[in-house]
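*Asks:* Okay, so here is target.cif, and as you'll see once you scroll down, it has mmCIF, C-alpha atoms and all ligand atoms; chains and numbers go by the auth columns.
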```cif
data_coords
loop_
_atom_site.group_PDB
_atom_site.id
_atom_site.type_symbol
_atom_site.label_atom_id
_atom_site.label_comp_id
_atom_site.label_asym_id
_atom_site.label_seq_id
_atom_site.Cartn_x
_atom_site.Cartn_y
_atom_site.Cartn_z
_atom_site.B_iso_or_equiv
_atom_site.auth_seq_id
_atom_site.auth_asym_id
ATOM 1 C CA MET A 1 214.274 109.668 31.720 0.00 128 A
ATOM 2 C CA ARG A 2 217.345 111.834 31.332 0.00 129 A
ATOM 3 C CA GLY A 3 215.263 114.530 29.685 0.00 130 A
ATOM 4 C CA ASN A 4 213.277 115.458 32.738 0.00 131 A
ATOM 5 C CA LEU A 5 212.289 119.057 33.081 0.00 132 A
ATOM 6 C CA SER A 6 214.808 120.791 35.300 0.00 133 A
ATOM 7 C CA ARG A 7 215.090 124.212 36.953 0.00 134 A
ATOM 8 C CA ASN A 8 217.731 126.609 35.769 0.00 135 A
ATOM 9 C CA PRO A 9 219.784 127.293 38.954 0.00 136 A
ATOM 10 C CA ARG A 10 220.446 130.900 37.860 0.00 137 A
ATOM 11 C CA ASN A 11 216.768 131.453 37.180 0.00 138 A
ATOM 12 C CA PRO A 12 214.648 128.930 39.113 0.00 139 A
ATOM 13 C CA ARG A 13 211.440 130.080 37.451 0.00 140 A
ATOM 14 C CA ARG A 14 212.793 129.009 34.064 0.00 141 A
ATOM 15 C CA VAL A 15 212.153 125.345 33.192 0.00 142 A
ATOM 16 C CA GLU A 16 214.504 123.653 30.726 0.00 143 A
ATOM 17 C CA LEU A 17 214.413 120.285 28.983 0.00 144 A
ATOM 18 C CA THR A 18 217.763 118.534 29.077 0.00 145 A
ATOM 19 C CA THR A 19 219.157 116.510 26.209 0.00 146 A
ATOM 20 C CA VAL A 20 217.727 113.023 25.658 0.00 147 A
ATOM 21 C CA ARG A 21 218.722 110.149 23.343 0.00 148 A
ATOM 22 C CA ILE A 22 216.151 109.540 20.609 0.00 149 A
ATOM 23 C CA LEU A 23 216.006 106.619 18.164 0.00 150 A
ATOM 24 C CA ILE A 24 214.407 107.666 14.866 0.00 151 A
ATOM 25 C CA VAL A 25 213.393 104.794 12.582 0.00 152 A
ATOM 26 C CA GLY A 26 213.015 106.001 9.010 0.00 153 A
ATOM 27 C CA ALA A 27 215.217 109.011 9.719 0.00 154 A
ATOM 28 C CA ASN A 28 216.249 109.320 6.076 0.00 155 A
ATOM 29 C CA GLY A 29 212.707 109.548 4.706 0.00 156 A
ATOM 30 C CA THR A 30 210.658 112.627 3.839 0.00 157 A
ATOM 31 C CA ILE A 31 209.106 112.845 7.323 0.00 158 A
ATOM 32 C CA GLY A 32 212.066 111.324 9.176 0.00 159 A
ATOM 33 C CA LYS A 33 214.557 113.901 7.854 0.00 160 A
ATOM 34 C CA ALA A 34 212.375 116.774 9.051 0.00 161 A
ATOM 35 C CA VAL A 35 211.877 115.133 12.459 0.00 162 A
ATOM 36 C CA ALA A 36 215.637 114.526 12.802 0.00 163 A
ATOM 37 C CA ALA A 37 216.331 118.163 11.873 0.00 164 A
ATOM 38 C CA GLU A 38 213.848 119.433 14.483 0.00 165 A
ATOM 39 C CA LEU A 39 214.899 117.153 17.353 0.00 166 A
ATOM 40 C CA SER A 40 218.664 117.211 16.687 0.00 167 A
ATOM 41 C CA GLU A 41 218.680 120.894 17.636 0.00 168 A
ATOM 42 C CA ARG A 42 218.196 119.856 21.257 0.00 169 A
ATOM 43 C CA HIS A 43 218.841 116.117 21.529 0.00 170 A
ATOM 44 C CA GLU A 44 221.124 113.218 20.656 0.00 171 A
ATOM 45 C CA ILE A 45 219.701 111.394 17.637 0.00 172 A
ATOM 46 C CA VAL A 46 220.281 107.757 16.672 0.00 173 A
ATOM 47 C CA THR A 47 219.152 107.001 13.110 0.00 174 A
ATOM 48 C CA ALA A 48 217.858 103.741 11.652 0.00 175 A
ATOM 49 C CA GLY A 49 216.385 102.704 8.332 0.00 176 A
ATOM 50 C CA ARG A 50 215.960 99.764 6.015 0.00 177 A
ATOM 51 C CA SER A 51 219.264 100.516 4.269 0.00 178 A
ATOM 52 C CA SER A 52 220.037 104.056 5.473 0.00 179 A
ATOM 53 C CA GLY A 53 220.982 105.444 8.886 0.00 180 A
ATOM 54 C CA SER A 54 223.497 104.343 11.506 0.00 181 A
ATOM 55 C CA PHE A 55 221.561 101.112 12.148 0.00 182 A
ATOM 56 C CA GLN A 56 219.666 98.903 9.679 0.00 183 A
ATOM 57 C CA VAL A 57 216.356 97.295 10.571 0.00 184 A
ATOM 58 C CA ASN A 58 213.311 95.766 8.943 0.00 185 A
ATOM 59 C CA ILE A 59 210.488 96.709 11.308 0.00 186 A
ATOM 60 C CA ALA A 60 208.258 93.992 9.800 0.00 187 A
ATOM 61 C CA ASP A 61 210.624 91.369 11.253 0.00 188 A
ATOM 62 C CA PRO A 62 210.444 91.101 15.083 0.00 189 A
ATOM 63 C CA LYS A 63 213.941 89.499 15.209 0.00 190 A
ATOM 64 C CA SER A 64 215.437 92.403 13.280 0.00 191 A
ATOM 65 C CA VAL A 65 213.733 94.871 15.664 0.00 192 A
ATOM 66 C CA SER A 66 215.102 93.035 18.735 0.00 193 A
ATOM 67 C CA GLU A 67 218.582 93.117 17.202 0.00 194 A
ATOM 68 C CA LEU A 68 218.225 96.840 16.581 0.00 195 A
ATOM 69 C CA PHE A 69 217.492 97.570 20.250 0.00 196 A
ATOM 70 C CA SER A 70 220.304 95.291 21.428 0.00 197 A
ATOM 71 C CA ALA A 71 222.700 97.250 19.213 0.00 198 A
ATOM 72 C CA VAL A 72 221.349 100.716 20.054 0.00 199 A
ATOM 73 C CA ALA A 73 220.881 99.992 23.799 0.00 200 A
ATOM 74 C CA LYS A 74 219.145 102.522 26.074 0.00 201 A
ATOM 75 C CA VAL A 75 217.198 105.420 24.559 0.00 202 A
ATOM 76 C CA ASP A 76 214.754 107.901 26.053 0.00 203 A
ATOM 77 C CA ALA A 77 212.384 108.026 23.088 0.00 204 A
ATOM 78 C CA VAL A 78 211.562 106.002 19.988 0.00 205 A
ATOM 79 C CA VAL A 79 210.168 107.800 16.971 0.00 206 A
ATOM 80 C CA CYS A 80 208.902 105.907 13.950 0.00 207 A
ATOM 81 C CA ALA A 81 208.593 107.586 10.547 0.00 208 A
ATOM 82 C CA ALA A 82 208.564 104.324 8.582 0.00 209 A
ATOM 83 C CA GLY A 83 205.971 101.888 7.345 0.00 210 A
ATOM 84 C CA ASN A 84 204.749 100.665 3.969 0.00 211 A
ATOM 85 C CA VAL A 85 201.241 100.014 2.692 0.00 212 A
ATOM 86 C CA HIS A 86 199.992 98.965 -0.724 0.00 213 A
ATOM 87 C CA PHE A 87 197.921 101.483 -2.693 0.00 214 A
ATOM 88 C CA GLY A 88 195.516 100.045 -5.272 0.00 215 A
ATOM 89 C CA PRO A 89 191.868 99.647 -6.279 0.00 216 A
ATOM 90 C CA LEU A 90 189.856 97.559 -3.808 0.00 217 A
ATOM 91 C CA GLU A 91 188.407 95.403 -6.572 0.00 218 A
ATOM 92 C CA GLU A 92 191.932 94.222 -7.479 0.00 219 A
ATOM 93 C CA MET A 93 193.414 94.044 -3.969 0.00 220 A
ATOM 94 C CA THR A 94 194.658 90.653 -2.817 0.00 221 A
ATOM 95 C CA ALA A 95 195.115 89.357 0.720 0.00 222 A
ATOM 96 C CA GLU A 96 198.883 89.470 0.128 0.00 223 A
ATOM 97 C CA GLN A 97 198.685 93.162 -0.713 0.00 224 A
ATOM 98 C CA PHE A 98 196.705 93.905 2.473 0.00 225 A
ATOM 99 C CA ASP A 99 199.300 91.884 4.341 0.00 226 A
ATOM 100 C CA ILE A 100 202.045 94.377 3.342 0.00 227 A
ATOM 101 C CA GLY A 101 200.445 97.144 5.385 0.00 228 A
ATOM 102 C CA LEU A 102 199.532 94.820 8.252 0.00 229 A
ATOM 103 C CA ARG A 103 203.044 93.412 8.618 0.00 230 A
ATOM 104 C CA ASP A 104 205.025 96.529 7.797 0.00 231 A
ATOM 105 C CA LYS A 105 203.300 99.748 8.866 0.00 232 A
ATOM 106 C CA LEU A 106 201.003 98.255 11.541 0.00 233 A
ATOM 107 C CA MET A 107 202.855 95.339 13.163 0.00 234 A
ATOM 108 C CA GLY A 108 206.225 96.893 12.305 0.00 235 A
ATOM 109 C CA GLN A 109 205.433 99.780 14.639 0.00 236 A
ATOM 110 C CA VAL A 110 203.854 97.475 17.229 0.00 237 A
ATOM 111 C CA ASN A 111 207.094 95.434 17.059 0.00 238 A
ATOM 112 C CA LEU A 112 209.039 98.597 17.934 0.00 239 A
ATOM 113 C CA VAL A 113 206.887 99.138 21.023 0.00 240 A
ATOM 114 C CA LEU A 114 207.033 95.496 22.147 0.00 241 A
ATOM 115 C CA ALA A 115 210.805 95.195 21.794 0.00 242 A
ATOM 116 C CA GLY A 116 211.436 98.770 22.889 0.00 243 A
ATOM 117 C CA ARG A 117 209.718 98.494 26.294 0.00 244 A
ATOM 118 C CA GLU A 118 212.836 97.202 28.028 0.00 245 A
ATOM 119 C CA PHE A 119 215.226 99.577 26.229 0.00 246 A
ATOM 120 C CA VAL A 120 213.331 102.854 26.606 0.00 247 A
ATOM 121 C CA SER A 121 214.097 104.518 29.899 0.00 248 A
ATOM 122 C CA SER A 122 211.380 104.998 32.473 0.00 249 A
ATOM 123 C CA GLY A 123 209.302 108.061 31.622 0.00 250 A
ATOM 124 C CA GLY A 124 210.334 107.810 27.960 0.00 251 A
ATOM 125 C CA SER A 125 208.045 107.732 24.955 0.00 252 A
ATOM 126 C CA PHE A 126 207.061 106.060 21.704 0.00 253 A
ATOM 127 C CA THR A 127 205.766 108.167 18.807 0.00 254 A
ATOM 128 C CA LEU A 128 204.276 106.296 15.859 0.00 255 A
ATOM 129 C CA ILE A 129 203.235 107.457 12.400 0.00 256 A
ATOM 130 C CA ALA A 130 199.644 107.033 11.182 0.00 257 A
ATOM 131 C CA GLY A 131 198.008 109.251 8.520 0.00 258 A
ATOM 132 C CA THR A 132 194.926 111.227 7.574 0.00 259 A
ATOM 133 C CA LEU A 133 193.392 108.374 5.561 0.00 260 A
ATOM 134 C CA SER A 134 192.007 106.867 8.780 0.00 261 A
ATOM 135 C CA GLN A 135 189.541 109.803 8.903 0.00 262 A
ATOM 136 C CA ASP A 136 189.442 110.925 5.303 0.00 263 A
ATOM 137 C CA PRO A 137 189.608 107.977 2.908 0.00 264 A
ATOM 138 C CA VAL A 138 190.508 108.317 -0.761 0.00 265 A
ATOM 139 C CA ARG A 139 190.192 106.029 -3.760 0.00 266 A
ATOM 140 C CA PHE A 140 192.920 103.309 -3.769 0.00 267 A
ATOM 141 C CA GLY A 141 193.825 103.992 -0.118 0.00 268 A
ATOM 142 C CA VAL A 142 191.717 101.295 1.559 0.00 269 A
ATOM 143 C CA SER A 143 194.707 99.457 3.052 0.00 270 A
ATOM 144 C CA ALA A 144 196.262 102.688 4.343 0.00 271 A
ATOM 145 C CA SER A 145 192.928 103.733 5.920 0.00 272 A
ATOM 146 C CA MET A 146 192.618 100.359 7.643 0.00 273 A
ATOM 147 C CA VAL A 147 196.185 100.365 8.947 0.00 274 A
ATOM 148 C CA ASN A 148 196.128 104.001 10.103 0.00 275 A
ATOM 149 C CA GLY A 149 192.859 103.415 11.961 0.00 276 A
ATOM 150 C CA ALA A 150 194.297 100.345 13.659 0.00 277 A
ATOM 151 C CA LEU A 151 197.409 102.287 14.679 0.00 278 A
ATOM 152 C CA GLU A 152 195.292 104.999 16.296 0.00 279 A
ATOM 153 C CA SER A 153 193.338 102.385 18.247 0.00 280 A
ATOM 154 C CA PHE A 154 196.562 100.658 19.294 0.00 281 A
ATOM 155 C CA VAL A 155 198.005 103.924 20.613 0.00 282 A
ATOM 156 C CA ARG A 156 194.890 104.830 22.615 0.00 283 A
ATOM 157 C CA ALA A 157 194.664 101.351 24.137 0.00 284 A
ATOM 158 C CA ALA A 158 198.397 100.896 24.773 0.00 285 A
ATOM 159 C CA ALA A 159 198.541 104.242 26.590 0.00 286 A
ATOM 160 C CA ILE A 160 196.222 102.809 29.257 0.00 287 A
ATOM 161 C CA GLU A 161 198.552 99.895 30.004 0.00 288 A
ATOM 162 C CA LEU A 162 202.052 101.247 29.431 0.00 289 A
ATOM 163 C CA ARG A 163 203.021 102.191 32.978 0.00 290 A
ATOM 164 C CA ASP A 164 206.527 103.541 32.463 0.00 291 A
ATOM 165 C CA HIS A 165 206.193 105.015 28.994 0.00 292 A
ATOM 166 C CA ARG A 166 204.065 107.468 27.043 0.00 293 A
ATOM 167 C CA ILE A 167 202.794 106.639 23.545 0.00 294 A
ATOM 168 C CA ASN A 168 201.310 108.907 20.860 0.00 295 A
ATOM 169 C CA ALA A 169 200.836 108.937 17.094 0.00 296 A
ATOM 170 C CA VAL A 170 201.217 111.657 14.501 0.00 297 A
ATOM 171 C CA SER A 171 198.598 111.632 11.757 0.00 298 A
ATOM 172 C CA PRO A 172 199.548 113.972 8.920 0.00 299 A
ATOM 173 C CA SER A 173 197.742 114.873 5.734 0.00 300 A
ATOM 174 C CA VAL A 174 199.692 114.449 2.513 0.00 301 A
ATOM 175 C CA LEU A 175 203.027 116.290 2.638 0.00 302 A
ATOM 176 C CA GLN A 176 203.947 119.127 0.302 0.00 303 A
ATOM 177 C CA GLU A 177 207.229 117.305 -0.337 0.00 304 A
ATOM 178 C CA SER A 178 205.353 114.145 -1.409 0.00 305 A
ATOM 179 C CA MET A 179 202.858 115.732 -3.819 0.00 306 A
ATOM 180 C CA GLY A 180 204.944 114.601 -6.807 0.00 307 A
ATOM 181 C CA ALA A 181 204.332 110.967 -5.876 0.00 308 A
ATOM 182 C CA TYR A 182 200.970 111.110 -4.030 0.00 309 A
ATOM 183 C CA GLY A 183 199.323 114.196 -5.577 0.00 310 A
ATOM 184 C CA PRO A 184 197.006 112.224 -7.894 0.00 311 A
ATOM 185 C CA TYR A 185 195.521 110.337 -4.909 0.00 312 A
ATOM 186 C CA PHE A 186 194.970 113.517 -2.858 0.00 313 A
ATOM 187 C CA ARG A 187 193.290 116.028 -5.159 0.00 314 A
ATOM 188 C CA GLY A 188 191.689 118.817 -3.139 0.00 315 A
ATOM 189 C CA PHE A 189 193.700 118.093 0.008 0.00 316 A
ATOM 190 C CA GLU A 190 195.777 120.928 1.401 0.00 317 A
ATOM 191 C CA PRO A 191 199.313 119.512 1.646 0.00 318 A
ATOM 192 C CA VAL A 192 201.299 120.165 4.821 0.00 319 A
ATOM 193 C CA PRO A 193 205.025 120.952 5.022 0.00 320 A
ATOM 194 C CA ALA A 194 207.276 118.321 6.621 0.00 321 A
ATOM 195 C CA LYS A 195 208.461 120.988 9.056 0.00 322 A
ATOM 196 C CA ARG A 196 204.936 121.203 10.575 0.00 323 A
ATOM 197 C CA VAL A 197 204.708 117.424 10.827 0.00 324 A
ATOM 198 C CA ALA A 198 208.045 117.455 12.659 0.00 325 A
ATOM 199 C CA LEU A 199 206.585 119.842 15.241 0.00 326 A
ATOM 200 C CA ALA A 200 203.895 117.283 16.085 0.00 327 A
ATOM 201 C CA PHE A 201 206.650 114.728 16.762 0.00 328 A
ATOM 202 C CA SER A 202 208.328 117.319 18.963 0.00 329 A
ATOM 203 C CA ARG A 203 205.082 117.786 20.944 0.00 330 A
ATOM 204 C CA SER A 204 204.901 114.063 21.511 0.00 331 A
ATOM 205 C CA VAL A 205 208.563 113.504 22.441 0.00 332 A
ATOM 206 C CA GLU A 206 209.130 116.702 24.412 0.00 333 A
ATOM 207 C CA GLY A 207 205.661 117.110 25.876 0.00 334 A
ATOM 208 C CA ALA A 208 203.900 115.199 28.615 0.00 335 A
ATOM 209 C CA GLN A 209 200.790 113.781 26.931 0.00 336 A
ATOM 210 C CA THR A 210 200.002 110.143 26.220 0.00 337 A
ATOM 211 C CA GLY A 211 197.404 108.331 24.141 0.00 338 A
ATOM 212 C CA ARG A 212 197.111 111.324 21.803 0.00 339 A
ATOM 213 C CA ILE A 213 196.743 111.391 18.017 0.00 340 A
ATOM 214 C CA TYR A 214 198.344 114.600 16.741 0.00 341 A
ATOM 215 C CA ARG A 215 196.607 115.492 13.491 0.00 342 A
ATOM 216 C CA VAL A 216 198.527 117.755 11.105 0.00 343 A
ATOM 217 C CA GLU A 217 196.111 119.021 8.451 0.00 344 A
HETATM 218 N N1 LIG B . 204.664 111.396 2.820 0.00 401 B
HETATM 219 C C1 LIG B . 203.391 111.656 3.099 0.00 401 B
HETATM 220 O O1 LIG B . 202.731 112.498 2.448 0.00 401 B
HETATM 221 C C2 LIG B . 202.739 110.961 4.265 0.00 401 B
HETATM 222 C C3 LIG B . 201.524 111.449 4.768 0.00 401 B
HETATM 223 C C4 LIG B . 200.910 110.775 5.838 0.00 401 B
HETATM 224 C C5 LIG B . 201.518 109.652 6.376 0.00 401 B
HETATM 225 N N2 LIG B . 202.693 109.201 5.852 0.00 401 B
HETATM 226 C C6 LIG B . 203.316 107.995 6.426 0.00 401 B
HETATM 227 O O2 LIG B . 204.572 108.337 6.951 0.00 401 B
HETATM 228 C C7 LIG B . 205.461 107.239 6.849 0.00 401 B
HETATM 229 C C8 LIG B . 206.758 107.726 6.208 0.00 401 B
HETATM 230 O O3 LIG B . 206.440 108.329 4.960 0.00 401 B
HETATM 231 P P1 LIG B . 207.573 109.059 4.095 0.00 401 B
HETATM 232 O O4 LIG B . 206.877 109.693 2.949 0.00 401 B
HETATM 233 O O5 LIG B . 208.446 109.891 4.966 0.00 401 B
HETATM 234 O O6 LIG B . 208.374 107.772 3.572 0.00 401 B
HETATM 235 P P2 LIG B . 209.776 107.694 2.810 0.00 401 B
HETATM 236 O O7 LIG B . 210.251 109.033 2.371 0.00 401 B
HETATM 237 O O8 LIG B . 209.635 106.585 1.809 0.00 401 B
HETATM 238 O O9 LIG B . 210.783 107.205 3.962 0.00 401 B
HETATM 239 C C9 LIG B . 210.549 105.998 4.642 0.00 401 B
HETATM 240 C C10 LIG B . 211.698 105.766 5.621 0.00 401 B
HETATM 241 O O10 LIG B . 211.400 104.587 6.347 0.00 401 B
HETATM 242 C C11 LIG B . 212.393 103.589 6.154 0.00 401 B
HETATM 243 N N3 LIG B . 211.701 102.299 6.027 0.00 401 B
HETATM 244 C C12 LIG B . 210.744 101.951 5.131 0.00 401 B
HETATM 245 N N4 LIG B . 210.324 100.699 5.354 0.00 401 B
HETATM 246 C C13 LIG B . 211.024 100.250 6.432 0.00 401 B
HETATM 247 C C14 LIG B . 211.056 99.017 7.142 0.00 401 B
HETATM 248 N N5 LIG B . 210.268 97.992 6.812 0.00 401 B
HETATM 249 N N6 LIG B . 211.901 98.900 8.188 0.00 401 B
HETATM 250 C C15 LIG B . 212.687 99.931 8.549 0.00 401 B
HETATM 251 N N7 LIG B . 212.719 101.124 7.916 0.00 401 B
HETATM 252 C C16 LIG B . 211.891 101.271 6.869 0.00 401 B
HETATM 253 C C17 LIG B . 213.142 103.970 4.904 0.00 401 B
HETATM 254 O O11 LIG B . 214.467 103.470 4.997 0.00 401 B
HETATM 255 P P3 LIG B . 215.542 103.687 3.783 0.00 401 B
HETATM 256 O O12 LIG B . 215.872 105.165 3.849 0.00 401 B
HETATM 257 O O13 LIG B . 216.706 102.871 4.153 0.00 401 B
HETATM 258 O O14 LIG B . 214.823 103.283 2.541 0.00 401 B
HETATM 259 C C18 LIG B . 213.049 105.506 4.949 0.00 401 B
HETATM 260 O O15 LIG B . 214.083 106.022 5.774 0.00 401 B
HETATM 261 C C19 LIG B . 204.721 106.160 6.041 0.00 401 B
HETATM 262 O O16 LIG B . 204.201 105.191 6.932 0.00 401 B
HETATM 263 C C20 LIG B . 203.577 106.919 5.399 0.00 401 B
HETATM 264 O O17 LIG B . 202.432 106.118 5.200 0.00 401 B
HETATM 265 C C21 LIG B . 203.322 109.838 4.823 0.00 401 B
#
```
Hey, can you dump this file as structure tokens for me?
*Replies:*
Amino acid sequence: MRGNLSRNPRNPRRVELTTVRILIVGANGTIGKAVAAELSERHEIVTAGRSSGSFQVNIADPKSVSELFSAVAKVDAVVCAAGNVHFGPLEEMTAEQFDIGLRDKLMGQVNLVLAGREFVSSGGSFTLIAGTLSQDPVRFGVSASMVNGALESFVRAAAIELRDHRINAVSPSVLQESMGAYGPYFRGFEPVPAKRVALAFSRSVEGAQTGRIYRVE
């Protein structure tokens, strides 16, 4: 990984992190923008989104994800701030509506890890996005709870087997910036600013831990 910790020759006791190349999927979203702002201060950022960003991808489609990595080529870290789930009352939920979260937020991020293994440099990392509903369910969020829980389990298990790469997930509470849209589902929750969520991504990408779920609450 190009971003190994290195010694400053003028001050050998000072450790510095050199610039790395980071692919951010969903970089134009509420979370993605904050993550890009935080990491672009120190690193080269490559942006991707469904229709926004320098590269277009549909993470739910494994072929589209493979094409993304072929086009982007080598990176040192992959960050995902994308993934859709259906919100709705359980008594009206259909299998097709559950399938949205399974294919998009869950398998979409797994697709990024599977295809990304050969394009992420040795010692590099994957950071996925989960969410507080895995621990703290709310009405109408049953699909999101299921998918976020599965993502956490995937990260813990994958960390055991990924030899050359680290993998973590960030699990935020509802964002301050999203209260307009999600507020009614999250009454009584203390919303968190996107800037704090971005710091958790920074810990994952620029730190040394693996198999961790960084909760931002
Ligand atoms: N916002 C919250 O309060 C909150 C809290 C906890 C967890 N989360 C989770 O965080 C993730 C991002 O949330 P957000 O609020 O930042 O979303 P957002 O503002 O809607 O942004 C989503 C970003 O992901 C991209 N995207 C969406 N579906 C995609 C797909 N299938 N393939 C590739 N790119 C895709 C979008 O691309 P375009 O820009 O091209 O549309 C956009 O850049 C979601 O999984 C959400 O469940 C959010």
*Asks:* Neighbouring residues of ligand LIG 401 (chain B) are defined here as those with any atom at most 7 Å from a ligand atom, counting all atoms listed in the file; list them as a PDB file with C-alpha atoms, keeping the file's coordinate frame.
*Replies:*
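New file selection-v3.pdb:
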```
ATOM      1  CA  VAL A 152     213.393 104.794  12.582  1.00  0.00           C
ATOM      2  CA  GLY A 153     213.015 106.001   9.010  1.00  0.00           C
ATOM      3  CA  ALA A 154     215.217 109.011   9.719  1.00  0.00           C
ATOM      4  CA  ASN A 155     216.249 109.320   6.076  1.00  0.00           C
ATOM      5  CA  GLY A 156     212.707 109.548   4.706  1.00  0.00           C
ATOM      6  CA  THR A 157     210.658 112.627   3.839  1.00  0.00           C
ATOM      7  CA  ILE A 158     209.106 112.845   7.323  1.00  0.00           C
ATOM      8  CA  GLY A 159     212.066 111.324   9.176  1.00  0.00           C
ATOM      9  CA  ALA A 175     217.858 103.741  11.652  1.00  0.00           C
ATOM     10  CA  GLY A 176     216.385 102.704   8.332  1.00  0.00           C
ATOM     11  CA  ARG A 177     215.960  99.764   6.015  1.00  0.00           C
ATOM     12  CA  SER A 178     219.264 100.516   4.269  1.00  0.00           C
ATOM     13  CA  SER A 179     220.037 104.056   5.473  1.00  0.00           C
ATOM     14  CA  GLY A 180     220.982 105.444   8.886  1.00  0.00           C
ATOM     15  CA  VAL A 184     216.356  97.295  10.571  1.00  0.00           C
ATOM     16  CA  ASN A 185     213.311  95.766   8.943  1.00  0.00           C
ATOM     17  CA  ILE A 186     210.488  96.709  11.308  1.00  0.00           C
ATOM     18  CA  ALA A 187     208.258  93.992   9.800  1.00  0.00           C
ATOM     19  CA  ALA A 208     208.593 107.586  10.547  1.00  0.00           C
ATOM     20  CA  ALA A 209     208.564 104.324   8.582  1.00  0.00           C
ATOM     21  CA  GLY A 210     205.971 101.888   7.345  1.00  0.00           C
ATOM     22  CA  ASN A 211     204.749 100.665   3.969  1.00  0.00           C
ATOM     23  CA  VAL A 212     201.241 100.014   2.692  1.00  0.00           C
ATOM     24  CA  ASP A 231     205.025  96.529   7.797  1.00  0.00           C
ATOM     25  CA  LYS A 232     203.300  99.748   8.866  1.00  0.00           C
ATOM     26  CA  GLY A 235     206.225  96.893  12.305  1.00  0.00           C
ATOM     27  CA  ILE A 256     203.235 107.457  12.400  1.00  0.00           C
ATOM     28  CA  ALA A 257     199.644 107.033  11.182  1.00  0.00           C
ATOM     29  CA  GLY A 258     198.008 109.251   8.520  1.00  0.00           C
ATOM     30  CA  THR A 259     194.926 111.227   7.574  1.00  0.00           C
ATOM     31  CA  SER A 298     198.598 111.632  11.757  1.00  0.00           C
ATOM     32  CA  PRO A 299     199.548 113.972   8.920  1.00  0.00           C
ATOM     33  CA  SER A 300     197.742 114.873   5.734  1.00  0.00           C
ATOM     34  CA  VAL A 301     199.692 114.449   2.513  1.00  0.00           C
ATOM     35  CA  LEU A 302     203.027 116.290   2.638  1.00  0.00           C
ATOM     36  CA  SER A 305     205.353 114.145  -1.409  1.00  0.00           C
ATOM     37  CA  TYR A 309     200.970 111.110  -4.030  1.00  0.00           C
TER      38      TYR A 309
END
```
*Asks:* In Å to one decimal, how far is atom CA of A:Leu229 from atom CA of A:Leu289?
*Replies:*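 Taking atom CA of A:Leu289 and atom CA of A:Leu229, their separation equals 22.3 Å.
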*Asks:* Expand the PyMOL selection byres (((chain A and resi 318) around 9) and not hetatm) into the explicit residue set it covers here, and present it as a VMD selection string.
*Replies:* chain A and resid 300 to 306 310 313 316 to 317 319 to 320 344
*Asks:* Go through the shown structure with the PyMOL selection byres (((chain A and resi 336) around 12) and not hetatm) and write out the matching residues as a list in words.
*Replies:* Gly250, Gly251, Ser252, Phe253, Thr254, Arg283, Ala286, His292, Arg293, Ile294, Asn295, Ala296, Ala327, Phe328, Ser329, Arg330, Ser331, Val332, Glu333, Gly334, Ala335, Thr337, Gly338, Arg339, Ile340 and Tyr341 of chain A
*Asks:* To one decimal in Å, tell me the separation between atom CA of A:Asp203 and atom CA of A:Arg148.
*Replies:*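 Computing the Euclidean distance for atom CA of A:Asp203 and atom CA of A:Arg148 yields 5.3 Å.
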*Asks:* Nearest residue to A:Ser261 out of A:Ser249, A:Asn275, A:Gln183, A:Gln224, using only C-alpha atoms?
*Replies:* A:Asn275
*Asks:* Please tell me which residues are no farther than 12 Å from (212.8, 91.5, 19.1) in the file, counting only C-alpha atoms, and write them as an mmCIF file with C-alpha atoms, in the coordinates of the input.
*Replies:*
```cif
data_model
loop_
_atom_site.group_PDB
_atom_site.id
_atom_site.type_symbol
_atom_site.label_atom_id
_atom_site.label_comp_id
_atom_site.auth_asym_id
_atom_site.auth_seq_id
_atom_site.Cartn_x
_atom_site.Cartn_y
_atom_site.Cartn_z
ATOM 1 C CA VAL A 184 216.356 97.295 10.571
ATOM 2 C CA ASN A 185 213.311 95.766 8.943
ATOM 3 C CA ILE A 186 210.488 96.709 11.308
ATOM 4 C CA ALA A 187 208.258 93.992 9.800
ATOM 5 C CA ASP A 188 210.624 91.369 11.253
ATOM 6 C CA PRO A 189 210.444 91.101 15.083
ATOM 7 C CA LYS A 190 213.941 89.499 15.209
ATOM 8 C CA SER A 191 215.437 92.403 13.280
ATOM 9 C CA VAL A 192 213.733 94.871 15.664
ATOM 10 C CA SER A 193 215.102 93.035 18.735
ATOM 11 C CA GLU A 194 218.582 93.117 17.202
ATOM 12 C CA LEU A 195 218.225 96.840 16.581
ATOM 13 C CA PHE A 196 217.492 97.570 20.250
ATOM 14 C CA SER A 197 220.304 95.291 21.428
ATOM 15 C CA ALA A 198 222.700 97.250 19.213
ATOM 16 C CA GLY A 235 206.225 96.893 12.305
ATOM 17 C CA GLN A 236 205.433 99.780 14.639
ATOM 18 C CA VAL A 237 203.854 97.475 17.229
ATOM 19 C CA ASN A 238 207.094 95.434 17.059
ATOM 20 C CA LEU A 239 209.039 98.597 17.934
ATOM 21 C CA VAL A 240 206.887 99.138 21.023
ATOM 22 C CA LEU A 241 207.033 95.496 22.147
ATOM 23 C CA ALA A 242 210.805 95.195 21.794
ATOM 24 C CA GLY A 243 211.436 98.770 22.889
ATOM 25 C CA ARG A 244 209.718 98.494 26.294
ATOM 26 C CA GLU A 245 212.836 97.202 28.028
ATOM 27 C CA PHE A 246 215.226 99.577 26.229
#
```
